[in-house]
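Chemist: Hey, dropping my_file_37.pdb in here, PDB, C-alpha atoms:
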```
ATOM      1  CA  MET A   2     -15.825 -39.629  22.553  1.00  0.00           C
ATOM      2  CA  ASP A   3     -13.139 -39.218  25.214  1.00  0.00           C
ATOM      3  CA  LYS A   4     -10.552 -38.594  22.506  1.00  0.00           C
ATOM      4  CA  ILE A   5     -12.654 -35.732  21.109  1.00  0.00           C
ATOM      5  CA  ILE A   6     -13.152 -34.178  24.551  1.00  0.00           C
ATOM      6  CA  ASN A   7      -9.441 -34.503  25.320  1.00  0.00           C
ATOM      7  CA  PHE A   8      -8.554 -32.906  21.980  1.00  0.00           C
ATOM      8  CA  LEU A   9     -10.982 -29.991  22.479  1.00  0.00           C
ATOM      9  CA  SER A  10      -9.655 -29.302  25.957  1.00  0.00           C
ATOM     10  CA  GLY A  11      -6.024 -29.995  25.138  1.00  0.00           C
ATOM     11  CA  LYS A  12      -3.107 -28.055  23.737  1.00  0.00           C
ATOM     12  CA  GLY A  13      -3.672 -29.324  20.181  1.00  0.00           C
ATOM     13  CA  PHE A  14      -7.056 -27.653  19.898  1.00  0.00           C
ATOM     14  CA  ARG A  15      -5.779 -24.428  21.460  1.00  0.00           C
ATOM     15  CA  ARG A  16      -2.891 -24.376  18.985  1.00  0.00           C
ATOM     16  CA  LEU A  17      -5.338 -24.914  16.122  1.00  0.00           C
ATOM     17  CA  LEU A  18      -7.516 -22.026  17.341  1.00  0.00           C
ATOM     18  CA  PHE A  19      -4.422 -19.859  17.720  1.00  0.00           C
ATOM     19  CA  LEU A  20      -3.394 -20.660  14.141  1.00  0.00           C
ATOM     20  CA  ILE A  21      -6.910 -19.936  12.830  1.00  0.00           C
ATOM     21  CA  SER A  22      -7.040 -16.629  14.719  1.00  0.00           C
ATOM     22  CA  ILE A  23      -3.674 -15.519  13.301  1.00  0.00           C
ATOM     23  CA  ILE A  24      -4.703 -16.530   9.758  1.00  0.00           C
ATOM     24  CA  CYS A  25      -8.000 -14.598  10.090  1.00  0.00           C
ATOM     25  CA  ILE A  26      -6.213 -11.488  11.360  1.00  0.00           C
ATOM     26  CA  LEU A  27      -3.528 -11.608   8.637  1.00  0.00           C
ATOM     27  CA  LEU A  28      -5.996 -12.306   5.818  1.00  0.00           C
ATOM     28  CA  GLY A  29      -8.357  -9.612   7.093  1.00  0.00           C
ATOM     29  CA  GLY A  30      -5.461  -7.146   7.294  1.00  0.00           C
ATOM     30  CA  TYR A  31      -4.389  -7.974   3.742  1.00  0.00           C
ATOM     31  CA  LEU A  32      -7.955  -7.483   2.476  1.00  0.00           C
ATOM     32  CA  PHE A  33      -8.163  -4.150   4.352  1.00  0.00           C
ATOM     33  CA  TRP A  34      -4.941  -3.050   2.664  1.00  0.00           C
ATOM     34  CA  THR A  35      -6.275  -4.172  -0.736  1.00  0.00           C
ATOM     35  CA  TYR A  36      -9.588  -2.389  -0.163  1.00  0.00           C
ATOM     36  CA  PHE A  37      -7.964   0.925   0.751  1.00  0.00           C
ATOM     37  CA  SER A  38      -5.297   0.710  -1.963  1.00  0.00           C
ATOM     38  CA  TYR A  39      -8.081   0.684  -4.592  1.00  0.00           C
ATOM     39  CA  GLN A  40      -9.966   3.642  -3.092  1.00  0.00           C
ATOM     40  CA  ASN A  41      -8.358   6.109  -5.502  1.00  0.00           C
ATOM     41  CA  TYR A  42      -9.534   4.109  -8.530  1.00  0.00           C
ATOM     42  CA  VAL A  43     -12.056   5.921 -10.723  1.00  0.00           C
ATOM     43  CA  GLU A  44     -15.445   4.455 -11.600  1.00  0.00           C
ATOM     44  CA  ILE A  45     -16.411   4.417 -15.270  1.00  0.00           C
ATOM     45  CA  GLU A  46     -18.833   2.591 -17.542  1.00  0.00           C
ATOM     46  CA  ALA A  47     -17.394   0.147 -20.070  1.00  0.00           C
ATOM     47  CA  LYS A  48     -18.912  -1.889 -22.897  1.00  0.00           C
ATOM     48  CA  VAL A  49     -18.447  -5.661 -23.094  1.00  0.00           C
ATOM     49  CA  PHE A  50     -17.186  -6.657 -26.555  1.00  0.00           C
ATOM     50  CA  ARG A  51     -16.246 -10.297 -25.979  1.00  0.00           C
ATOM     51  CA  VAL A  52     -16.991 -13.049 -23.457  1.00  0.00           C
ATOM     52  CA  GLU A  53     -14.930 -16.275 -23.260  1.00  0.00           C
ATOM     53  CA  LEU A  54     -15.735 -19.335 -21.164  1.00  0.00           C
ATOM     54  CA  THR A  55     -12.766 -20.160 -18.898  1.00  0.00           C
ATOM     55  CA  LYS A  56     -14.281 -22.685 -16.498  1.00  0.00           C
ATOM     56  CA  GLU A  57     -17.278 -24.878 -17.274  1.00  0.00           C
ATOM     57  CA  GLY A  58     -19.938 -25.015 -14.581  1.00  0.00           C
ATOM     58  CA  TYR A  59     -21.052 -28.311 -13.080  1.00  0.00           C
ATOM     59  CA  THR A  60     -23.173 -29.850 -10.349  1.00  0.00           C
ATOM     60  CA  LYS A  61     -21.423 -31.669  -7.518  1.00  0.00           C
ATOM     61  CA  SER A  62     -22.607 -35.073  -6.342  1.00  0.00           C
ATOM     62  CA  ASN A  63     -24.211 -33.418  -3.292  1.00  0.00           C
ATOM     63  CA  GLY A  64     -26.324 -31.155  -5.544  1.00  0.00           C
ATOM     64  CA  ILE A  65     -24.320 -27.944  -5.135  1.00  0.00           C
ATOM     65  CA  VAL A  66     -24.092 -26.046  -8.412  1.00  0.00           C
ATOM     66  CA  VAL A  67     -20.742 -24.505  -9.346  1.00  0.00           C
ATOM     67  CA  GLU A  68     -21.307 -21.726 -11.882  1.00  0.00           C
ATOM     68  CA  SER A  69     -19.296 -21.256 -15.052  1.00  0.00           C
ATOM     69  CA  GLU A  70     -16.660 -18.527 -15.098  1.00  0.00           C
ATOM     70  CA  TYR A  71     -15.865 -16.235 -17.988  1.00  0.00           C
ATOM     71  CA  ASP A  72     -13.280 -13.729 -19.070  1.00  0.00           C
ATOM     72  CA  VAL A  73     -15.065 -10.509 -19.968  1.00  0.00           C
ATOM     73  CA  PHE A  74     -13.328  -8.144 -22.392  1.00  0.00           C
ATOM     74  CA  VAL A  75     -14.334  -4.484 -22.110  1.00  0.00           C
ATOM     75  CA  ARG A  76     -13.732  -1.221 -23.931  1.00  0.00           C
ATOM     76  CA  TYR A  77     -13.707   2.137 -22.205  1.00  0.00           C
ATOM     77  CA  THR A  78     -12.413   5.646 -22.798  1.00  0.00           C
ATOM     78  CA  VAL A  79     -10.360   7.737 -20.362  1.00  0.00           C
ATOM     79  CA  ASN A  80      -9.504  11.343 -21.258  1.00  0.00           C
ATOM     80  CA  GLY A  81     -10.104  10.646 -24.954  1.00  0.00           C
ATOM     81  CA  THR A  82      -7.897   7.517 -25.041  1.00  0.00           C
ATOM     82  CA  LYS A  83      -9.592   4.173 -25.780  1.00  0.00           C
ATOM     83  CA  TYR A  84      -8.632   1.107 -23.762  1.00  0.00           C
ATOM     84  CA  GLU A  85      -9.425  -2.601 -23.937  1.00  0.00           C
ATOM     85  CA  SER A  86      -9.018  -4.848 -20.918  1.00  0.00           C
ATOM     86  CA  LYS A  87      -9.890  -8.298 -19.666  1.00  0.00           C
ATOM     87  CA  ILE A  88     -11.670  -8.969 -16.390  1.00  0.00           C
ATOM     88  CA  GLY A  89     -11.511 -12.615 -15.339  1.00  0.00           C
ATOM     89  CA  GLY A  90     -13.694 -14.845 -13.216  1.00  0.00           C
ATOM     90  CA  LEU A  91     -17.054 -13.239 -13.980  1.00  0.00           C
ATOM     91  CA  ASN A  92     -20.368 -14.611 -15.106  1.00  0.00           C
ATOM     92  CA  GLY A  93     -23.686 -13.187 -16.254  1.00  0.00           C
ATOM     93  CA  PHE A  94     -22.362 -10.789 -18.919  1.00  0.00           C
ATOM     94  CA  GLN A  95     -22.966 -10.822 -22.649  1.00  0.00           C
ATOM     95  CA  GLU A  96     -21.510  -8.899 -25.558  1.00  0.00           C
ATOM     96  CA  LYS A  97     -22.788  -5.301 -25.768  1.00  0.00           C
ATOM     97  CA  ASP A  98     -23.632  -5.230 -22.038  1.00  0.00           C
ATOM     98  CA  ARG A  99     -22.585  -2.179 -20.073  1.00  0.00           C
ATOM     99  CA  ILE A 100     -20.522  -2.793 -16.946  1.00  0.00           C
ATOM    100  CA  THR A 101     -19.189  -0.506 -14.242  1.00  0.00           C
ATOM    101  CA  ILE A 102     -15.434  -0.835 -13.786  1.00  0.00           C
ATOM    102  CA  HIS A 103     -12.794   0.941 -11.694  1.00  0.00           C
ATOM    103  CA  TYR A 104      -9.480   1.988 -13.234  1.00  0.00           C
ATOM    104  CA  ASN A 105      -6.240   3.305 -11.806  1.00  0.00           C
ATOM    105  CA  PRO A 106      -6.004   7.030 -12.707  1.00  0.00           C
ATOM    106  CA  ASN A 107      -2.197   6.698 -12.920  1.00  0.00           C
ATOM    107  CA  ASN A 108      -2.463   3.709 -15.269  1.00  0.00           C
ATOM    108  CA  PRO A 109      -5.916   3.297 -16.888  1.00  0.00           C
ATOM    109  CA  ASN A 110      -4.963  -0.213 -18.093  1.00  0.00           C
ATOM    110  CA  GLN A 111      -5.173  -1.413 -14.466  1.00  0.00           C
ATOM    111  CA  LEU A 112      -8.694  -2.349 -13.481  1.00  0.00           C
ATOM    112  CA  SER A 113     -10.177  -3.375 -10.173  1.00  0.00           C
ATOM    113  CA  GLN A 114     -13.396  -5.124  -9.388  1.00  0.00           C
ATOM    114  CA  PRO A 115     -15.280  -3.446  -6.547  1.00  0.00           C
ATOM    115  CA  LEU A 116     -14.348  -4.849  -3.144  1.00  0.00           C
ATOM    116  CA  ASN A 117     -16.651  -5.282  -0.189  1.00  0.00           C
ATOM    117  CA  ILE A 118     -15.401  -3.958   3.165  1.00  0.00           C
ATOM    118  CA  SER A 119     -17.457  -6.421   5.249  1.00  0.00           C
ATOM    119  CA  THR A 120     -15.236  -9.457   4.551  1.00  0.00           C
ATOM    120  CA  PRO A 121     -12.035  -7.975   6.035  1.00  0.00           C
ATOM    121  CA  ILE A 122     -13.983  -6.651   9.024  1.00  0.00           C
ATOM    122  CA  ILE A 123     -15.533 -10.056   9.726  1.00  0.00           C
ATOM    123  CA  LEU A 124     -12.199 -11.873   9.374  1.00  0.00           C
ATOM    124  CA  CYS A 125     -10.402  -9.467  11.723  1.00  0.00           C
ATOM    125  CA  VAL A 126     -13.186  -9.581  14.324  1.00  0.00           C
ATOM    126  CA  VAL A 127     -13.291 -13.403  14.271  1.00  0.00           C
ATOM    127  CA  GLY A 128      -9.504 -13.576  14.585  1.00  0.00           C
ATOM    128  CA  VAL A 129      -9.367 -11.121  17.478  1.00  0.00           C
ATOM    129  CA  VAL A 130     -12.295 -12.781  19.305  1.00  0.00           C
ATOM    130  CA  LEU A 131     -10.658 -16.217  19.011  1.00  0.00           C
ATOM    131  CA  PHE A 132      -7.347 -14.808  20.221  1.00  0.00           C
ATOM    132  CA  VAL A 133      -8.958 -13.080  23.215  1.00  0.00           C
ATOM    133  CA  LEU A 134     -10.915 -16.237  24.102  1.00  0.00           C
ATOM    134  CA  LEU A 135      -7.698 -18.228  24.047  1.00  0.00           C
ATOM    135  CA  ILE A 136      -6.069 -15.759  26.422  1.00  0.00           C
ATOM    136  CA  LEU A 137      -9.057 -15.602  28.771  1.00  0.00           C
ATOM    137  CA  THR A 138      -9.508 -19.386  28.947  1.00  0.00           C
ATOM    138  CA  ARG A 139      -5.902 -20.397  29.394  1.00  0.00           C
ATOM    139  CA  LYS A 140      -5.135 -22.447  32.435  1.00  0.00           C
ATOM    140  CA  LYS A 141      -2.989 -20.632  34.927  1.00  0.00           C
ATOM    141  CA  LYS A 142      -0.049 -22.568  36.246  1.00  0.00           C
ATOM    142  CA  PRO A 143       0.061 -22.714  40.027  1.00  0.00           C
ATOM    143  CA  LYS A 144       2.847 -20.724  41.556  1.00  0.00           C
ATOM    144  CA  VAL A 145       5.818 -22.573  42.986  1.00  0.00           C
ATOM    145  CA  LYS A 146       4.992 -21.491  46.565  1.00  0.00           C
ATOM    146  CA  GLN A 147       1.478 -22.867  46.182  1.00  0.00           C
ATOM    147  CA  GLN A 148       2.844 -26.151  44.871  1.00  0.00           C
ATOM    148  CA  VAL A 149       5.233 -26.436  47.821  1.00  0.00           C
ATOM    149  CA  ALA A 150       2.403 -25.660  50.262  1.00  0.00           C
ATOM    150  CA  ASN A 151       0.198 -28.282  48.619  1.00  0.00           C
ATOM    151  CA  MET A 152       2.965 -30.859  48.824  1.00  0.00           C
ATOM    152  CA  ALA A 153       3.547 -30.035  52.508  1.00  0.00           C
ATOM    153  CA  THR A 154      -0.133 -30.522  53.385  1.00  0.00           C
ATOM    154  CA  MET A 155      -0.231 -33.803  51.486  1.00  0.00           C
ATOM    155  CA  SER A 156       2.730 -35.224  53.384  1.00  0.00           C
ATOM    156  CA  HIS A 157       1.039 -34.694  56.787  1.00  0.00           C
TER     157      HIS A 157
END
```
Would you write out, as structure tokens, the structure that this file holds?

Modeler:
Amino acid sequence: MDKIINFLSGKGFRRLLFLISIICILLGGYLFWTYFSYQNYVEIEAKVFRVELTKEGYTKSNGIVVESEYDVFVRYTVNGTKYESKIGGLNGFQEKDRITIHYNPNNPNQLSQPLNISTPIILCVVGVVLFVLLILTRKKKPKVKQQVANMATMSH
């Protein structure tokens, strides 16, 4: 128990929190950049024409179910030109289903799955809060004059 308390109050734990805060801020920033870089993509409806299993689902020993993943192949038309593309890592779609996709207007072969803005916000907030807590809770080193004064009073 003492080892845990020493770790939580020691430099090792503070370094770990610092590392976690930096990772959260960087990952959140990257996801923000990704989110805003896809904002000019155009929404369109596509038709699923093929579904391929890429990862078989299973149940872990603790009872958690990991769902199967599929590659979904879609057809869509942009300005009279027909396109076919693959979207990976999905589940729940069957052939002939309709799906909403987002394509790059400069290159309609590039698709994007819709991104959620809440994840980057949460990551950045957690990272900043951890960083601020680390700054506010750091131990201040006594000034040299104070140390000298303390040593002088101890010697008398």

Chemist: Extract, using all atoms listed in the file, all DNA, RNA and protein residues at most 12 Å from segment 120-131 of chain A, discarding same-chain residues fewer than 2 positions from it, and format them as a PDB file with C-alpha atoms, in the coordinates of the input.

Modeler:
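Output contents, as saved in result.pdb:
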```pdb
ATOM      1  CA  ARG A  15      -5.779 -24.428  21.460  1.00  0.00           C
ATOM      2  CA  ARG A  16      -2.891 -24.376  18.985  1.00  0.00           C
ATOM      3  CA  LEU A  17      -5.338 -24.914  16.122  1.00  0.00           C
ATOM      4  CA  LEU A  18      -7.516 -22.026  17.341  1.00  0.00           C
ATOM      5  CA  PHE A  19      -4.422 -19.859  17.720  1.00  0.00           C
ATOM      6  CA  LEU A  20      -3.394 -20.660  14.141  1.00  0.00           C
ATOM      7  CA  ILE A  21      -6.910 -19.936  12.830  1.00  0.00           C
ATOM      8  CA  SER A  22      -7.040 -16.629  14.719  1.00  0.00           C
ATOM      9  CA  ILE A  23      -3.674 -15.519  13.301  1.00  0.00           C
ATOM     10  CA  ILE A  24      -4.703 -16.530   9.758  1.00  0.00           C
ATOM     11  CA  CYS A  25      -8.000 -14.598  10.090  1.00  0.00           C
ATOM     12  CA  ILE A  26      -6.213 -11.488  11.360  1.00  0.00           C
ATOM     13  CA  LEU A  27      -3.528 -11.608   8.637  1.00  0.00           C
ATOM     14  CA  LEU A  28      -5.996 -12.306   5.818  1.00  0.00           C
ATOM     15  CA  GLY A  29      -8.357  -9.612   7.093  1.00  0.00           C
ATOM     16  CA  GLY A  30      -5.461  -7.146   7.294  1.00  0.00           C
ATOM     17  CA  TYR A  31      -4.389  -7.974   3.742  1.00  0.00           C
ATOM     18  CA  LEU A  32      -7.955  -7.483   2.476  1.00  0.00           C
ATOM     19  CA  PHE A  33      -8.163  -4.150   4.352  1.00  0.00           C
ATOM     20  CA  TRP A  34      -4.941  -3.050   2.664  1.00  0.00           C
ATOM     21  CA  THR A  35      -6.275  -4.172  -0.736  1.00  0.00           C
ATOM     22  CA  TYR A  36      -9.588  -2.389  -0.163  1.00  0.00           C
ATOM     23  CA  PHE A  37      -7.964   0.925   0.751  1.00  0.00           C
ATOM     24  CA  LEU A 116     -14.348  -4.849  -3.144  1.00  0.00           C
ATOM     25  CA  ASN A 117     -16.651  -5.282  -0.189  1.00  0.00           C
ATOM     26  CA  ILE A 118     -15.401  -3.958   3.165  1.00  0.00           C
ATOM     27  CA  VAL A 133      -8.958 -13.080  23.215  1.00  0.00           C
ATOM     28  CA  LEU A 134     -10.915 -16.237  24.102  1.00  0.00           C
ATOM     29  CA  LEU A 135      -7.698 -18.228  24.047  1.00  0.00           C
ATOM     30  CA  ILE A 136      -6.069 -15.759  26.422  1.00  0.00           C
ATOM     31  CA  LEU A 137      -9.057 -15.602  28.771  1.00  0.00           C
ATOM     32  CA  THR A 138      -9.508 -19.386  28.947  1.00  0.00           C
TER      33      THR A 138
END
```

Chemist: Evaluating the PyMOL selection byres ((chain A and resi 98-108) around 6) on the displayed file yields which residues, as a PyMOL selection string?

Modeler: chain A and resi 42-49+95-97+109-113

Chemist: What separation in Å, quoted to one decimal, exists between atom CA of Glu85 of chain A and atom CA of Asp72 of chain A?

Modeler: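 Result for atom CA of Glu85 of chain A versus atom CA of Asp72 of chain A: 12.7 Å, one decimal.
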
Chemist: Taking the file as shown, what set of residues would the PyMOL selection byres ((chain A and resi 89) around 9) give back, as a VMD selection string?

Modeler: chain A and resid 55 70 to 74 87 to 88 90 to 91

Chemist: May I ask for the distance between atom CA of Phe94 of chain A and atom CA of Arg51 of chain A, given in Å to one decimal place?

Modeler: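 That distance, rounded to one decimal, is 9.4 Å.
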
Chemist: What would segment 111-142 of chain A look like with N, CA and C atoms in place, written as a compact mmCIF listing (two decimals), keeping the file's coordinate frame?

Modeler:
```txt
# COMPACT_ATOMS: atom_id res chain seq x y z
N GLN A 111 -4.96 -0.62 -15.69
CA GLN A 111 -5.17 -1.41 -14.47
C GLN A 111 -6.61 -1.24 -14.00
N LEU A 112 -7.31 -2.36 -13.94
CA LEU A 112 -8.69 -2.35 -13.48
C LEU A 112 -8.82 -3.05 -12.14
N SER A 113 -9.87 -2.71 -11.43
CA SER A 113 -10.18 -3.38 -10.17
C SER A 113 -11.66 -3.67 -10.14
N GLN A 114 -11.99 -4.84 -9.64
CA GLN A 114 -13.40 -5.12 -9.39
C GLN A 114 -13.73 -4.55 -8.02
N PRO A 115 -14.93 -4.04 -7.84
CA PRO A 115 -15.28 -3.45 -6.55
C PRO A 115 -15.13 -4.45 -5.41
N LEU A 116 -14.54 -4.00 -4.31
CA LEU A 116 -14.35 -4.85 -3.14
C LEU A 116 -15.37 -4.49 -2.07
N ASN A 117 -15.71 -5.48 -1.28
CA ASN A 117 -16.65 -5.28 -0.19
C ASN A 117 -15.86 -5.19 1.12
N ILE A 118 -16.14 -4.18 1.92
CA ILE A 118 -15.40 -3.96 3.16
C ILE A 118 -15.82 -4.92 4.27
N SER A 119 -16.97 -5.57 4.15
CA SER A 119 -17.46 -6.42 5.25
C SER A 119 -16.59 -7.66 5.45
N THR A 120 -16.04 -8.24 4.40
CA THR A 120 -15.24 -9.46 4.55
C THR A 120 -14.00 -9.22 5.42
N PRO A 121 -13.18 -8.18 5.15
CA PRO A 121 -12.04 -7.98 6.04
C PRO A 121 -12.43 -7.67 7.47
N ILE A 122 -13.53 -6.96 7.66
CA ILE A 122 -13.98 -6.65 9.02
C ILE A 122 -14.34 -7.93 9.76
N ILE A 123 -15.11 -8.80 9.10
CA ILE A 123 -15.53 -10.06 9.73
C ILE A 123 -14.32 -10.93 10.06
N LEU A 124 -13.38 -11.05 9.13
CA LEU A 124 -12.20 -11.87 9.37
C LEU A 124 -11.39 -11.35 10.56
N CYS A 125 -11.18 -10.05 10.62
CA CYS A 125 -10.40 -9.47 11.72
C CYS A 125 -11.12 -9.65 13.06
N VAL A 126 -12.43 -9.43 13.08
CA VAL A 126 -13.19 -9.58 14.32
C VAL A 126 -13.14 -11.03 14.80
N VAL A 127 -13.35 -11.99 13.89
CA VAL A 127 -13.29 -13.40 14.27
C VAL A 127 -11.90 -13.75 14.81
N GLY A 128 -10.87 -13.30 14.13
CA GLY A 128 -9.50 -13.58 14.58
C GLY A 128 -9.22 -13.00 15.95
N VAL A 129 -9.62 -11.77 16.18
CA VAL A 129 -9.37 -11.12 17.48
C VAL A 129 -10.19 -11.80 18.58
N VAL A 130 -11.45 -12.12 18.30
CA VAL A 130 -12.30 -12.78 19.30
C VAL A 130 -11.71 -14.14 19.69
N LEU A 131 -11.28 -14.93 18.71
CA LEU A 131 -10.66 -16.22 19.01
C LEU A 131 -9.40 -16.03 19.86
N PHE A 132 -8.59 -15.06 19.49
CA PHE A 132 -7.35 -14.81 20.22
C PHE A 132 -7.64 -14.41 21.66
N VAL A 133 -8.60 -13.52 21.86
CA VAL A 133 -8.96 -13.08 23.22
C VAL A 133 -9.52 -14.25 24.02
N LEU A 134 -10.37 -15.07 23.40
CA LEU A 134 -10.92 -16.24 24.10
C LEU A 134 -9.81 -17.19 24.53
N LEU A 135 -8.83 -17.37 23.68
CA LEU A 135 -7.70 -18.23 24.05
C LEU A 135 -6.95 -17.68 25.25
N ILE A 136 -6.77 -16.38 25.29
CA ILE A 136 -6.07 -15.76 26.42
C ILE A 136 -6.90 -15.87 27.70
N LEU A 137 -8.20 -15.59 27.58
CA LEU A 137 -9.06 -15.60 28.77
C LEU A 137 -9.29 -17.00 29.33
N THR A 138 -9.21 -18.02 28.48
CA THR A 138 -9.51 -19.39 28.95
C THR A 138 -8.27 -20.22 29.21
N ARG A 139 -7.11 -19.61 29.14
CA ARG A 139 -5.90 -20.40 29.39
C ARG A 139 -5.85 -20.80 30.86
N LYS A 140 -5.28 -21.95 31.06
CA LYS A 140 -5.14 -22.45 32.44
C LYS A 140 -3.92 -21.80 33.06
N LYS A 141 -4.11 -21.26 34.22
CA LYS A 141 -2.99 -20.63 34.93
C LYS A 141 -2.20 -21.71 35.66
N LYS A 142 -0.91 -21.62 35.55
CA LYS A 142 -0.05 -22.57 36.25
C LYS A 142 0.06 -22.14 37.70
```
